[in-house]
Protein chains: 2
Amino acid sequence: MNEFDIIAKYFAPLTMGHGALDNDAAVLEIPPGQELIVTTDTLNEGTHFLKSASAADIAHKALRVSLSDLAAMGAHPLSYQLSLALPDRPSAQWLTDFTDALMRVQEAFNIFCSGGDTTGIKGPLSISITAMGCVPTGGALTRSDAQEGDAIIMTGPVGDAYIGLHLLSFLSPDLTFFPAAAVNDFGEGAESYFIERYYKPQPRLDLIDLMRTYAHAAIDISDGLLADLSHICQASNLKAEIHMHDTLFSPQAQKMITGGLVPAQELLSGGDDYQLLCAVAPENAEAFLAAAPGAVQIGHFTGALTEGEPPVTLLDKDDQSLPIKHTGWSHF
Amino acid sequence: MNEFDIIAKYFAPLTMGHGALDNDAAVLEIPPGQELIVTTDTLNEGTHFLKSASAADIAHKALRVSLSDLAAMGAHPLSYQLSLALPDRPSAQWLTDFTDALMRVQEAFNIFCSGGDTTGIKGPLSISITAMGCVPTGGALTRSDAQEGDAIIMTGPVGDAYIGLHLLSFLSPDLTFFPAAAVNDFGEGAESYFIERYYKPQPRLDLIDLMRTYAHAAIDISDGLLADLSHICQASNLKAEIHMHDTLFSPQAQKMITGGLVPAQELLSGGDDYQLLCAVAPENAEAFLAAAPGAVQIGHFTGALTEGEPPVTLLDKDDQSLPIKHTGWSHF
């Protein structure tokens, strides 16, 4: 089976009859009065996922993180372009698992594949997705419009994916963190719960209409809560104050924290959860929280950001400032 | 300098003030009455370009091949997303050369960078570009509308890039083709001429208005003349007849052929030239050729394609059929 046969058999069905692989490029219609939202995410084996990742894990993760960027901008998904660089001729089973998983994500979030490129690479598998979505013209959410006094609302817990990544890393030969065996002491199936949070984050596309109604600014938490909140602070030229609290974490992660397996603060710097962080006018915070089960207010934006000052202050239960060590992920 | 500093210093200027790197995704306006054209091309070191390729070579090649796909669809460029997976922390010189080259291509073809992802990879450099363009609604050129009797027009010579690739391969330790030293016997600077054709193909965006006026169908020659003509034949359900002739090749390549260094037929299967192949009604062929210097009519589409028949017939100067060995490139 050559490249063209593989595309026809496995990838063409992902275009959902849009015939997008028949030409040099896809033709897409943007509804009148809408703008196009475009985002690219690349995941490389050994850097963004482990060699042990299944075809389905890779497909889920890659497409879901791209969809999360659309959610952060308040955009409804349209289509995506898939670049897949494969180290070896893929097996029929791998291709089936990979494309089945993409199809499941497509169906869950109403998006189709509009094209891409399948290549060979003399190295690790690399997948890059460019996702496209639409917002009413002028309606895109950005990072730069948070207002002083706005409530900082997080749409769900952070830290689960970080624990999941550490559990996966434990399985790899050259890395050791906390022992995986200890994790299931904190609940039946805890291990698989965290790993699934890492590979299958939930892009919060269910909240985009709510966000467009109430949020002044938004970002998705890909680099870690502290890092991504800092991004909003820098873009909006504001400082932020947040409170350490149990409700920042899932019940499963809370057990790990109280059990002494992971420090709570470390979870604030762990990425990959893909919840949204929103700036909402204080008078609208209650309405937002009521409409978004699982969302919590974690703090608020204070005064203007001054050069050289740290943008985010983390307070403990007695309103004492906690030291912040590192704030997130950088590739180099 | 971390990932964010590198992006701010080297990549942000490529967005030409569109501020596309400030948020999770870019916001793009599609002019009313236009459709979006989207195409993705991925190039991996060791597969699509050699380890000896300079930063500028890689930048030119990657962006130019994507632009060629827009040209084939008759689309004016809008913007592109850049995914760059780097094996090592790049040097300031590499980043400068790479982004300077992208900027030169941007200026030449009126496109800007709307975002992307810069990642680390434990393996070869991988670059993936998703280019976007616009056509008037319903005006995109495809592969499937060639008509019986249409002239097959090629917008320029093929084979130069194939010779360039072989020259480059000669420089790599484990490959030997014809000796590079012999090439300059066929003209001062011949070697660098061919290598430049390989790394800096000219996307024929200068011809898109002409194509939209006269062409029924089009494709860019990326996989080789015979392979790409076959793609039009399959999509349009037609057979094609083309003639072997000197005018298929550049004067430089003709010297190589007559000098016995490369067989003419092999050049018909070599890819990477990125000229366009168009189906034009016979009564418009002359007008097309007059408006497109360098374009040549190479044959015409004959009757309907029958299952199992080869789509393309290659004729010599006496109208005798020549055998066709292989038709182009497949990754697996």
# chains A, B, ... in the order shown; residues from 1 in each chain; ligands from 1
>>> interface_residues(of="chain B", to="chain A", cutoff="6 Å", atoms="only C-alpha atoms", output="JSON, numbers by chain")
{"B": [2, 3, 23, 24, 25, 26, 27, 28, 29, 35, 36, 37, 38, 39, 40, 41, 44, 69, 116, 117, 120, 121, 123, 142, 330, 331, 332]}
>>> write_last_selection(atoms="C-alpha atoms", output="CSV table (one decimal), in the first residue's frame")
chain,number,residue,atom,x,y,z
B,2,ASN,CA,13.8,30.8,26.0
B,3,GLU,CA,11.0,29.8,23.6
B,23,ASN,CA,-3.3,34.9,21.5
B,24,ASP,CA,-4.1,31.2,21.4
B,25,ALA,CA,-5.0,31.6,17.7
B,26,ALA,CA,-5.0,34.2,14.9
B,27,VAL,CA,-8.1,36.1,13.7
B,28,LEU,CA,-8.3,36.4,9.9
B,29,GLU,CA,-10.7,38.3,7.8
B,35,GLU,CA,-13.7,31.3,-0.2
B,36,LEU,CA,-10.8,30.1,1.8
B,37,ILE,CA,-8.2,27.8,0.2
B,38,VAL,CA,-6.0,25.8,2.6
B,39,THR,CA,-3.0,23.6,2.0
B,40,THR,CA,-0.4,21.8,4.2
B,41,ASP,CA,3.1,20.7,3.3
B,44,ASN,CA,11.6,16.6,7.0
B,69,ASP,CA,-0.5,24.8,-4.1
B,116,GLY,CA,2.4,28.6,14.4
B,117,ASP,CA,4.3,26.4,16.9
B,120,GLY,CA,11.8,20.7,20.2
B,121,ILE,CA,12.2,17.3,18.5
B,123,GLY,CA,15.4,13.9,15.8
B,142,THR,CA,-9.5,21.8,-9.4
B,330,SER,CA,5.4,8.1,-3.0
B,331,HIS,CA,6.5,8.3,0.6
B,332,PHE,CA,6.0,4.7,1.6
>>> residues_around(residues="Gly271 (chain A)", least_positions_apart="6", cutoff="10 Å", atoms="only C-alpha atoms", output="PyMOL selection string")
chain A and resi 158-162+165+198+220-228+327-329
>>> atom_distance(atom1="CA of Asp246 (chain B)", atom2="CA of Phe288 (chain B)")
20.1 Å
>>> closest_residue(among="A:Leu95, A:Leu167, A:Ala151, A:Ile324", to="Val262 (chain A)", atoms="only C-alpha atoms")
A:Leu167
>>> atom_distance(atom1="CA of Asp209 (chain B)", atom2="CA of Arg104 (chain B)")
22.9 Å
>>> atom_distance(atom1="CA of Ala295 (chain B)", atom2="CA of Met154 (chain B)")
5.5 Å
>>> closest_residue(among="A:Gln234, A:Gln297, A:Gln202, A:Ser54", to="Glu309 (chain A)", atoms="only C-alpha atoms")
A:Gln234
>>> select_by_dssp(residues="region 211-246 of chain B", states="alpha helix (DSSP H)", output="ChimeraX atom specification")
/B:211-214,225-236
>>> residues_around(residues="Leu305 (chain A)", least_positions_apart="4", cutoff="10 Å", atoms="only C-alpha atoms", output="list in words")
Cys233, Gln234, Ser236, Asn237, Leu238, Lys239, Ala240, Glu309, Pro310, Pro311 and Val312 of chain A
>>> write_last_selection(atoms="C-alpha atoms", output="PDB file, in the first residue's frame")
ATOM      1  CA  CYS A 233      -1.542  39.762  32.912  1.00  0.00           C
ATOM      2  CA  GLN A 234       1.178  40.758  30.460  1.00  0.00           C
ATOM      3  CA  SER A 236      -3.777  43.162  29.664  1.00  0.00           C
ATOM      4  CA  ASN A 237      -1.121  45.014  31.656  1.00  0.00           C
ATOM      5  CA  LEU A 238      -2.604  43.932  34.989  1.00  0.00           C
ATOM      6  CA  LYS A 239      -1.521  42.147  38.143  1.00  0.00           C
ATOM      7  CA  ALA A 240      -3.462  39.176  39.476  1.00  0.00           C
ATOM      8  CA  GLU A 309       7.167  43.072  39.238  1.00  0.00           C
ATOM      9  CA  PRO A 310       5.875  39.484  39.172  1.00  0.00           C
ATOM     10  CA  PRO A 311       2.421  39.573  37.573  1.00  0.00           C
ATOM     11  CA  VAL A 312       0.829  36.881  39.748  1.00  0.00           C
TER      12      VAL A 312
END
>>> select_by_dssp(residues="region 5-209 of chain B", states="strand (DSSP E)", output="ChimeraX atom specification")
/B:26-28,34-44,76-86,112-120,126-136,151-154
>>> write_last_selection(atoms="N, CA and C atoms", output="compact mmCIF listing (two decimals), in the first residue's frame")
# COMPACT_ATOMS: atom_id res chain seq x y z
N ALA B 26 -4.95 32.94 15.71
CA ALA B 26 -5.02 34.15 14.91
C ALA B 26 -6.45 34.43 14.47
N VAL B 27 -6.75 35.69 14.24
CA VAL B 27 -8.06 36.09 13.72
C VAL B 27 -7.83 36.61 12.30
N LEU B 28 -8.49 36.02 11.33
CA LEU B 28 -8.29 36.41 9.93
C LEU B 28 -9.61 36.79 9.29
N GLN B 34 -15.58 35.72 -1.04
CA GLN B 34 -14.40 34.89 -1.28
C GLN B 34 -14.48 33.59 -0.47
N GLU B 35 -13.87 32.56 -0.98
CA GLU B 35 -13.72 31.32 -0.23
C GLU B 35 -12.28 31.18 0.22
N LEU B 36 -12.11 30.35 1.27
CA LEU B 36 -10.77 30.12 1.81
C LEU B 36 -10.17 28.88 1.14
N ILE B 37 -8.90 28.98 0.76
CA ILE B 37 -8.16 27.85 0.21
C ILE B 37 -7.06 27.49 1.22
N VAL B 38 -6.95 26.23 1.58
CA VAL B 38 -5.99 25.82 2.62
C VAL B 38 -5.18 24.62 2.17
N THR B 39 -3.88 24.67 2.41
CA THR B 39 -3.01 23.56 2.01
C THR B 39 -1.87 23.38 3.01
N THR B 40 -1.47 22.15 3.25
CA THR B 40 -0.41 21.83 4.21
C THR B 40 0.71 21.05 3.53
N ASP B 41 1.94 21.48 3.75
CA ASP B 41 3.10 20.75 3.25
C ASP B 41 4.13 20.61 4.36
N THR B 42 4.66 19.41 4.49
CA THR B 42 5.62 19.11 5.54
C THR B 42 6.92 18.63 4.92
N LEU B 43 8.04 19.18 5.38
CA LEU B 43 9.36 18.77 4.88
C LEU B 43 10.21 18.32 6.06
N ASN B 44 10.78 17.14 5.96
CA ASN B 44 11.60 16.60 7.03
C ASN B 44 13.05 16.43 6.56
N HIS B 76 -5.23 33.75 -4.38
CA HIS B 76 -4.30 34.77 -3.91
C HIS B 76 -3.91 34.45 -2.47
N PRO B 77 -2.60 34.54 -2.15
CA PRO B 77 -2.15 34.22 -0.79
C PRO B 77 -2.74 35.16 0.26
N LEU B 78 -3.02 34.60 1.43
CA LEU B 78 -3.50 35.39 2.57
C LEU B 78 -2.45 35.32 3.69
N SER B 79 -2.30 34.16 4.32
CA SER B 79 -1.33 34.02 5.40
C SER B 79 -0.92 32.56 5.53
N TYR B 80 0.07 32.31 6.39
CA TYR B 80 0.47 30.92 6.62
C TYR B 80 0.76 30.68 8.09
N GLN B 81 0.58 29.43 8.50
CA GLN B 81 0.93 28.97 9.85
C GLN B 81 2.21 28.15 9.72
N LEU B 82 3.14 28.38 10.64
CA LEU B 82 4.45 27.74 10.58
C LEU B 82 4.66 26.82 11.78
N SER B 83 4.83 25.54 11.52
CA SER B 83 5.25 24.62 12.58
C SER B 83 6.70 24.26 12.34
N LEU B 84 7.53 24.53 13.34
CA LEU B 84 8.96 24.29 13.20
C LEU B 84 9.44 23.44 14.37
N ALA B 85 9.82 22.20 14.09
CA ALA B 85 10.34 21.31 15.14
C ALA B 85 11.85 21.26 14.99
N LEU B 86 12.55 21.71 16.03
CA LEU B 86 14.01 21.88 15.96
C LEU B 86 14.72 20.87 16.85
N PHE B 112 1.68 36.87 4.87
CA PHE B 112 2.29 37.06 6.19
C PHE B 112 2.10 35.81 7.03
N CYS B 113 2.87 35.74 8.11
CA CYS B 113 2.77 34.61 9.02
C CYS B 113 1.69 34.91 10.05
N SER B 114 0.69 34.03 10.15
CA SER B 114 -0.40 34.30 11.11
C SER B 114 -0.26 33.50 12.39
N GLY B 115 0.81 32.75 12.54
CA GLY B 115 1.00 32.00 13.78
C GLY B 115 1.72 30.70 13.53
N GLY B 116 1.73 29.84 14.52
CA GLY B 116 2.41 28.56 14.37
C GLY B 116 2.81 27.98 15.70
N ASP B 117 3.78 27.09 15.65
CA ASP B 117 4.26 26.43 16.86
C ASP B 117 5.74 26.11 16.66
N THR B 118 6.55 26.51 17.63
CA THR B 118 7.98 26.17 17.60
C THR B 118 8.22 25.15 18.70
N THR B 119 8.73 23.98 18.32
CA THR B 119 8.88 22.91 19.29
C THR B 119 10.28 22.30 19.22
N GLY B 120 10.63 21.53 20.25
CA GLY B 120 11.84 20.74 20.22
C GLY B 120 11.52 19.33 19.75
N SER B 126 11.95 19.28 11.35
CA SER B 126 10.72 19.08 10.58
C SER B 126 9.99 20.40 10.49
N ILE B 127 9.57 20.75 9.29
CA ILE B 127 8.86 22.02 9.09
C ILE B 127 7.56 21.73 8.35
N SER B 128 6.49 22.27 8.87
CA SER B 128 5.19 22.09 8.23
C SER B 128 4.53 23.45 8.08
N ILE B 129 4.11 23.74 6.88
CA ILE B 129 3.45 25.02 6.62
C ILE B 129 2.03 24.78 6.12
N THR B 130 1.10 25.48 6.75
CA THR B 130 -0.28 25.48 6.26
C THR B 130 -0.53 26.87 5.70
N ALA B 131 -0.68 26.93 4.37
CA ALA B 131 -0.87 28.22 3.70
C ALA B 131 -2.35 28.42 3.39
N MET B 132 -2.78 29.65 3.53
CA MET B 132 -4.18 29.99 3.26
C MET B 132 -4.25 31.07 2.21
N GLY B 133 -5.24 30.95 1.35
CA GLY B 133 -5.44 31.94 0.31
C GLY B 133 -6.92 32.14 0.06
N CYS B 134 -7.25 33.02 -0.86
CA CYS B 134 -8.65 33.32 -1.16
C CYS B 134 -8.92 33.25 -2.66
N VAL B 135 -10.09 32.77 -3.00
CA VAL B 135 -10.60 32.85 -4.38
C VAL B 135 -12.03 33.37 -4.33
N PRO B 136 -12.48 34.02 -5.39
CA PRO B 136 -13.91 34.35 -5.45
C PRO B 136 -14.73 33.06 -5.32
N ALA B 151 -6.12 21.47 -24.51
CA ALA B 151 -4.66 21.52 -24.61
C ALA B 151 -4.06 21.35 -23.22
N ILE B 152 -2.94 20.61 -23.13
CA ILE B 152 -2.20 20.50 -21.87
C ILE B 152 -1.06 21.49 -21.93
N ILE B 153 -1.13 22.50 -21.08
CA ILE B 153 -0.11 23.54 -21.08
C ILE B 153 0.70 23.48 -19.79
N MET B 154 2.01 23.51 -19.96
CA MET B 154 2.92 23.51 -18.82
C MET B 154 3.56 24.88 -18.78
>>> decode(residues="region 62-76 of chain B", atoms="C-alpha atoms", output="short mmCIF file (atom, residue, chain, number, x, y, z; two decimals), in the first residue's frame")
data_model
loop_
_atom_site.label_atom_id
_atom_site.label_comp_id
_atom_site.auth_asym_id
_atom_site.auth_seq_id
_atom_site.Cartn_x
_atom_site.Cartn_y
_atom_site.Cartn_z
CA ALA B 62 8.95 25.14 2.63
CA LEU B 63 7.07 28.36 2.01
CA ARG B 64 7.41 28.30 -1.77
CA VAL B 65 5.98 24.79 -2.18
CA SER B 66 2.95 25.77 -0.10
CA LEU B 67 2.42 28.88 -2.21
CA SER B 68 2.56 26.71 -5.31
CA ASP B 69 -0.48 24.78 -4.09
CA LEU B 70 -2.38 28.05 -3.73
CA ALA B 71 -1.35 28.97 -7.29
CA ALA B 72 -2.63 25.63 -8.58
CA MET B 73 -6.04 26.40 -7.07
CA GLY B 74 -6.04 29.93 -8.51
CA ALA B 75 -5.88 31.51 -5.03
CA HIS B 76 -4.30 34.77 -3.91
#
